[in-house]
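So this block is entry-v5.txt, compact mmCIF, C-alpha atoms:
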# COMPACT_ATOMS: atom_id res chain seq x y z
CA MET H 272 0.09 43.18 -89.64
CA THR H 273 1.22 41.24 -86.65
CA ASN H 274 4.29 41.66 -84.55
CA LYS H 275 5.11 38.16 -83.36
CA LYS H 276 7.88 39.12 -80.98
CA LYS H 277 5.74 41.37 -78.83
CA GLY H 278 2.50 39.38 -79.17
CA THR H 279 0.39 42.39 -80.03
CA GLU H 280 -1.59 43.12 -83.10
CA LYS H 281 -1.87 46.46 -84.76
CA LYS H 282 -5.35 47.80 -84.85
CA ILE H 283 -6.84 49.67 -87.69
CA GLU H 284 -8.06 52.99 -86.41
CA LYS H 285 -11.64 54.14 -86.97
CA ASP H 286 -12.65 57.27 -88.63
CA PRO H 287 -12.86 60.05 -85.98
CA ILE H 288 -16.20 61.26 -87.34
CA GLU H 289 -17.68 57.80 -86.90
CA GLU H 290 -16.38 57.68 -83.32
CA VAL H 291 -17.93 61.06 -82.53
CA ASN H 292 -21.25 59.98 -84.08
CA GLU H 293 -21.14 56.77 -82.07
CA LEU H 294 -20.43 58.65 -78.85
CA ASN H 295 -23.24 61.12 -79.61
CA GLN H 296 -25.58 58.19 -80.18
CA ASN H 297 -24.54 56.64 -76.83
CA VAL H 298 -25.11 59.97 -75.07
CA GLU H 299 -28.53 60.30 -76.70
CA ASN H 300 -29.46 56.72 -75.67
CA THR H 301 -28.38 57.48 -72.10
CA ARG H 302 -30.51 60.66 -72.07
CA VAL H 303 -33.53 58.74 -73.35
CA LYS H 304 -32.99 56.11 -70.65
CA GLU H 305 -32.65 58.84 -68.00
CA ASP H 306 -35.85 60.51 -69.23
CA ASP H 307 -37.67 57.16 -69.13
CA SER H 308 -36.33 56.49 -65.63
CA ALA H 309 -37.37 59.95 -64.44
CA GLN H 310 -40.83 59.49 -65.94
CA LYS H 311 -41.19 56.06 -64.31
CA TYR H 312 -40.00 57.54 -61.01
CA GLU H 313 -42.58 60.34 -61.22
CA GLU H 314 -45.35 57.83 -62.04
CA LEU H 315 -44.39 55.57 -59.13
CA ASN H 316 -44.05 58.52 -56.76
CA ASP H 317 -47.46 59.84 -57.83
CA THR H 318 -49.03 56.39 -57.34
CA HIS H 319 -47.38 56.10 -53.93
CA LEU H 320 -48.65 59.52 -52.81
CA ARG H 321 -52.17 58.72 -54.02
CA LEU H 322 -52.13 55.41 -52.13
CA LEU H 323 -50.97 57.16 -48.96
CA ALA H 324 -53.73 59.75 -49.27
CA GLU H 325 -56.32 57.04 -49.99
CA PHE H 326 -55.19 55.02 -46.95
CA ASP H 327 -55.29 58.13 -44.75
CA ASN H 328 -58.85 58.87 -45.92
CA TYR H 329 -59.82 55.23 -45.27
CA ARG H 330 -58.36 55.38 -41.75
CA LYS H 331 -60.19 58.62 -40.96
CA ARG H 332 -63.47 57.28 -42.37
CA THR H 333 -63.27 54.06 -40.33
CA MET H 334 -62.45 56.00 -37.17
CA ARG H 335 -65.46 58.25 -37.78
CA GLU H 336 -67.70 55.22 -38.43
CA LYS H 337 -66.42 53.53 -35.28
CA ALA H 338 -67.12 56.65 -33.21
CA ASP H 339 -70.65 56.84 -34.66
CA LEU H 340 -71.19 53.16 -33.93
CA LEU H 341 -70.07 53.59 -30.32
CA LYS H 342 -72.42 56.54 -29.88
CA SER H 343 -75.44 54.62 -31.10
CA ALA H 344 -74.46 51.06 -30.13
CA GLY H 345 -76.71 50.95 -27.10
CA GLU H 346 -79.66 52.55 -28.87
CA GLY H 347 -81.45 49.28 -29.64
CA LEU H 348 -80.85 47.97 -26.14
CA LEU H 349 -82.11 51.13 -24.50
CA THR H 350 -85.13 51.30 -26.78
CA ASN H 351 -86.06 47.77 -25.72
CA MET H 352 -85.80 48.82 -22.06
CA LEU H 353 -88.39 51.57 -22.38
CA PRO H 354 -91.36 49.21 -21.78
CA LEU H 355 -89.72 48.17 -18.50
CA ILE H 356 -89.51 51.81 -17.46
CA ASP H 357 -93.19 52.21 -18.33
CA ASP H 358 -94.02 49.19 -16.14
CA PHE H 359 -92.04 50.60 -13.22
CA GLU H 360 -93.76 53.98 -13.56
CA ARG H 361 -97.17 52.30 -13.51
CA ALA H 362 -96.14 50.26 -10.45
CA LEU H 363 -94.93 53.37 -8.63
CA GLN H 364 -98.18 55.14 -9.44
CA VAL H 365 -100.26 52.21 -8.16
CA MET H 366 -98.17 51.98 -4.95
CA THR H 367 -99.25 55.44 -3.83
CA ASP H 368 -102.96 54.50 -3.82
CA ALA H 369 -102.74 50.73 -3.24
CA THR H 370 -104.24 49.05 -0.22
CA ASP H 371 -103.58 45.49 -1.39
CA MET H 372 -99.82 45.13 -0.94
CA VAL H 373 -99.88 41.49 -2.09
CA ALA H 374 -101.06 42.61 -5.55
CA VAL H 375 -98.39 45.34 -5.63
CA ARG H 376 -95.71 42.79 -4.73
CA GLU H 377 -96.93 40.44 -7.48
CA GLY H 378 -96.81 43.31 -9.98
CA VAL H 379 -93.23 44.22 -9.01
CA GLU H 380 -92.23 40.54 -9.23
CA LEU H 381 -93.69 40.40 -12.76
CA ILE H 382 -91.66 43.44 -13.76
CA TYR H 383 -88.55 41.88 -12.19
CA ALA H 384 -89.13 38.62 -14.10
CA LYS H 385 -89.64 40.59 -17.31
CA PHE H 386 -86.39 42.46 -16.71
CA ILE H 387 -84.41 39.27 -15.99
CA ASP H 388 -85.85 37.73 -19.17
CA PHE H 389 -84.81 40.84 -21.10
CA LEU H 390 -81.26 40.60 -19.74
CA GLY H 391 -81.09 36.89 -20.62
CA LYS H 392 -82.15 37.61 -24.21
CA ASN H 393 -79.31 40.12 -24.43
CA GLY H 394 -76.64 37.70 -23.17
CA VAL H 395 -76.55 38.71 -19.50
CA LYS H 396 -76.60 35.83 -17.02
CA ALA H 397 -76.25 35.72 -13.24
CA ILE H 398 -73.22 33.85 -11.90
CA ASP H 399 -74.31 30.84 -9.85
CA THR H 400 -72.69 30.90 -6.40
CA ASN H 401 -74.80 28.53 -4.31
CA GLN H 402 -72.26 26.28 -2.51
CA LYS H 403 -69.88 26.45 -5.52
CA GLU H 404 -66.13 26.20 -5.22
CA PHE H 405 -64.58 29.65 -4.77
CA ASP H 406 -63.27 30.69 -8.20
CA THR H 407 -61.40 33.98 -8.67
CA GLU H 408 -62.53 34.03 -12.30
CA PHE H 409 -66.11 34.69 -11.14
CA HIS H 410 -66.04 35.52 -7.43
CA GLU H 411 -64.61 38.23 -5.22
CA ALA H 412 -64.16 37.14 -1.61
CA ILE H 413 -65.13 39.93 0.73
CA THR H 414 -64.54 37.82 3.85
CA THR H 415 -63.97 34.30 5.07
CA ILE H 416 -65.70 32.61 7.98
CA PRO H 417 -65.20 29.28 9.71
CA SER H 418 -67.04 26.65 7.73
CA PRO H 419 -70.15 25.28 9.50
CA GLU H 420 -69.55 21.91 7.82
CA GLU H 421 -66.36 20.21 6.70
CA ASN H 422 -67.56 19.84 3.09
CA LEU H 423 -68.08 23.64 2.75
CA LYS H 424 -64.39 24.52 3.15
CA GLY H 425 -63.22 26.54 0.14
CA LYS H 426 -66.80 26.95 -1.05
CA VAL H 427 -69.10 29.94 -1.25
CA ILE H 428 -71.24 30.14 1.87
CA ASP H 429 -73.13 33.35 1.15
CA CYS H 430 -73.49 35.74 -1.79
CA VAL H 431 -73.57 39.39 -0.75
CA GLN H 432 -73.92 40.77 -4.28
CA LYS H 433 -74.75 38.84 -7.46
CA GLY H 434 -72.27 38.79 -10.28
CA TYR H 435 -73.10 38.76 -13.98
CA THR H 436 -71.59 37.69 -17.26
CA LEU H 437 -72.24 39.14 -20.69
CA ASN H 438 -71.70 36.53 -23.39
CA ASP H 439 -69.38 34.54 -21.07
CA LYS H 440 -67.33 37.64 -20.09
CA VAL H 441 -67.60 38.70 -16.46
CA ILE H 442 -69.06 42.19 -16.23
CA ARG H 443 -69.42 42.12 -12.44
CA TYR H 444 -67.86 39.68 -10.02
CA SER H 445 -70.00 38.03 -7.35
CA LYS H 446 -69.14 39.33 -3.87
CA VAL H 447 -69.12 36.27 -1.68
CA VAL H 448 -68.33 34.92 1.76
CA VAL H 449 -66.06 31.87 1.66
CA GLY H 450 -65.83 29.07 4.21
CA GLU H 451 -62.42 28.14 5.60
As structure tokens, how would this structure be written, given the file I've shared?
Amino acid sequence: MTNKKKGTEKKIEKDPIEEVNELNQNVENTRVKEDDSAQKYEELNDTHLRLLAEFDNYRKRTMREKADLLKSAGEGLLTNMLPLIDDFERALQVMTDATDMVAVREGVELIYAKFIDFLGKNGVKAIDTNQKEFDTEFHEAITTIPSPEENLKGKVIDCVQKGYTLNDKVIRYSKVVVGE
């Protein structure tokens, strides 16, 4: 039936038992969804905690490996230096009894050349300073003196202590005297 004056229609009411059953079904569906959501939350939380623990273990392991690597990093280098030490010991032993100082000098020069070769093979190179332009990237000026020639102004006149690079990184600056 329709009431045309008011513009509303009369609704046929449902059976109350059906409404209660429908509401119970909705409540049960909501509970199932909540249980599913709680289960998914627990799974995600568990996965998250496991990932955190795994990452923490990874971080600790890499730190331990890095510390071990730093402890033994120079082992190969030092092992390769042992023959040089042997050569120096032999030279020192010969020096005590030697009468031919020229031969002793030649022996020490051979050891020096061997050592320089060893450093070169390991990436260490001397910084060239002979009449080079003064460069703060490689040189440390310990003093300046009046330049003996006009073309030596701003250039290295004397090297007091050699500088070295290791694989193009300065490990010791050359201590130099600069002309002004």
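Atom CA of Asp317 of chain H to atom CA of Arg335 of chain H spans 27.0 Å [interatomic distance, one decimal].
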Each residue of segment 387-443 of chain H lying at most 9 Å from segment 447-450 of chain H should get a row with its shortest atom-to-atom pair and the distance in Å to one decimal, counting only C-alpha atoms; could you produce that, ordered by chain and increasing number, as a tab-separated table?
residue	atom	partner	partner_atom	distance
H:Thr400	CA	H:Val447	CA	8.0
H:Glu404	CA	H:Val449	CA	8.9
H:Phe405	CA	H:Val449	CA	7.0
H:His410	CA	H:Val447	CA	6.6
H:Glu411	CA	H:Val447	CA	6.1
H:Ala412	CA	H:Val447	CA	5.0
H:Ile413	CA	H:Val447	CA	5.9
H:Thr414	CA	H:Val448	CA	5.2
H:Thr415	CA	H:Val449	CA	4.7
H:Ile416	CA	H:Gly450	CA	5.2
H:Pro417	CA	H:Gly450	CA	5.5
H:Ser418	CA	H:Gly450	CA	4.4
H:Pro419	CA	H:Gly450	CA	7.8
H:Glu420	CA	H:Gly450	CA	8.8
H:Leu423	CA	H:Gly450	CA	6.1
H:Lys424	CA	H:Gly450	CA	4.9
H:Gly425	CA	H:Gly450	CA	5.5
H:Lys426	CA	H:Val449	CA	5.7
H:Val427	CA	H:Val449	CA	4.6
H:Ile428	CA	H:Val449	CA	5.5
H:Asp429	CA	H:Val448	CA	5.1
H:Cys430	CA	H:Val447	CA	4.4
H:Val431	CA	H:Val447	CA	5.5
H:Gln432	CA	H:Val447	CA	7.1
H:Lys433	CA	H:Val447	CA	8.5
Hey, which bits of segment 349-375 of chain H sit within 12 Å of segment 388-394 of chain H, and for each residue what's the closest pair of atoms and how far apart in Å (one decimal), counting only C-alpha atoms, rows by chain and increasing number, as CSV?
residue,atom,partner,partner_atom,distance
H:Leu349,CA,H:Phe389,CA,11.2
H:Thr350,CA,H:Phe389,CA,11.9
H:Asn351,CA,H:Phe389,CA,8.4
H:Met352,CA,H:Phe389,CA,8.1
H:Leu353,CA,H:Phe389,CA,11.4
H:Pro354,CA,H:Phe389,CA,10.6
H:Leu355,CA,H:Phe389,CA,9.2
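Distances from H:Gly347, H:Arg330, H:Glu380, H:Val298 to Ala362 of chain H were compared using only C-alpha atoms, and the smallest one belongs to H:Glu380.
Pairwise distance (atom CA of Asp357 of chain H, atom CA of Leu381 of chain H) equals 13.1 Å.
Atom to atom, atom CA of Asn438 of chain H and atom CA of Met334 of chain H stand 25.6 Å apart.
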Q. Nearest to Asp358 of chain H among H:Arg332, H:Lys385, H:Lys337, H:Arg302, with distances taken over all atoms listed in the file: which residue is it?
A. H:Lys385
All file atoms of segment 314-324 of chain H boxed axis-aligned, 6 Å per side, centre plus edges, as JSON:
{"center_x": -48.9, "center_y": 57.6, "center_z": -55.5, "size_x": 21.7, "size_y": 16.4, "size_z": 25.1}
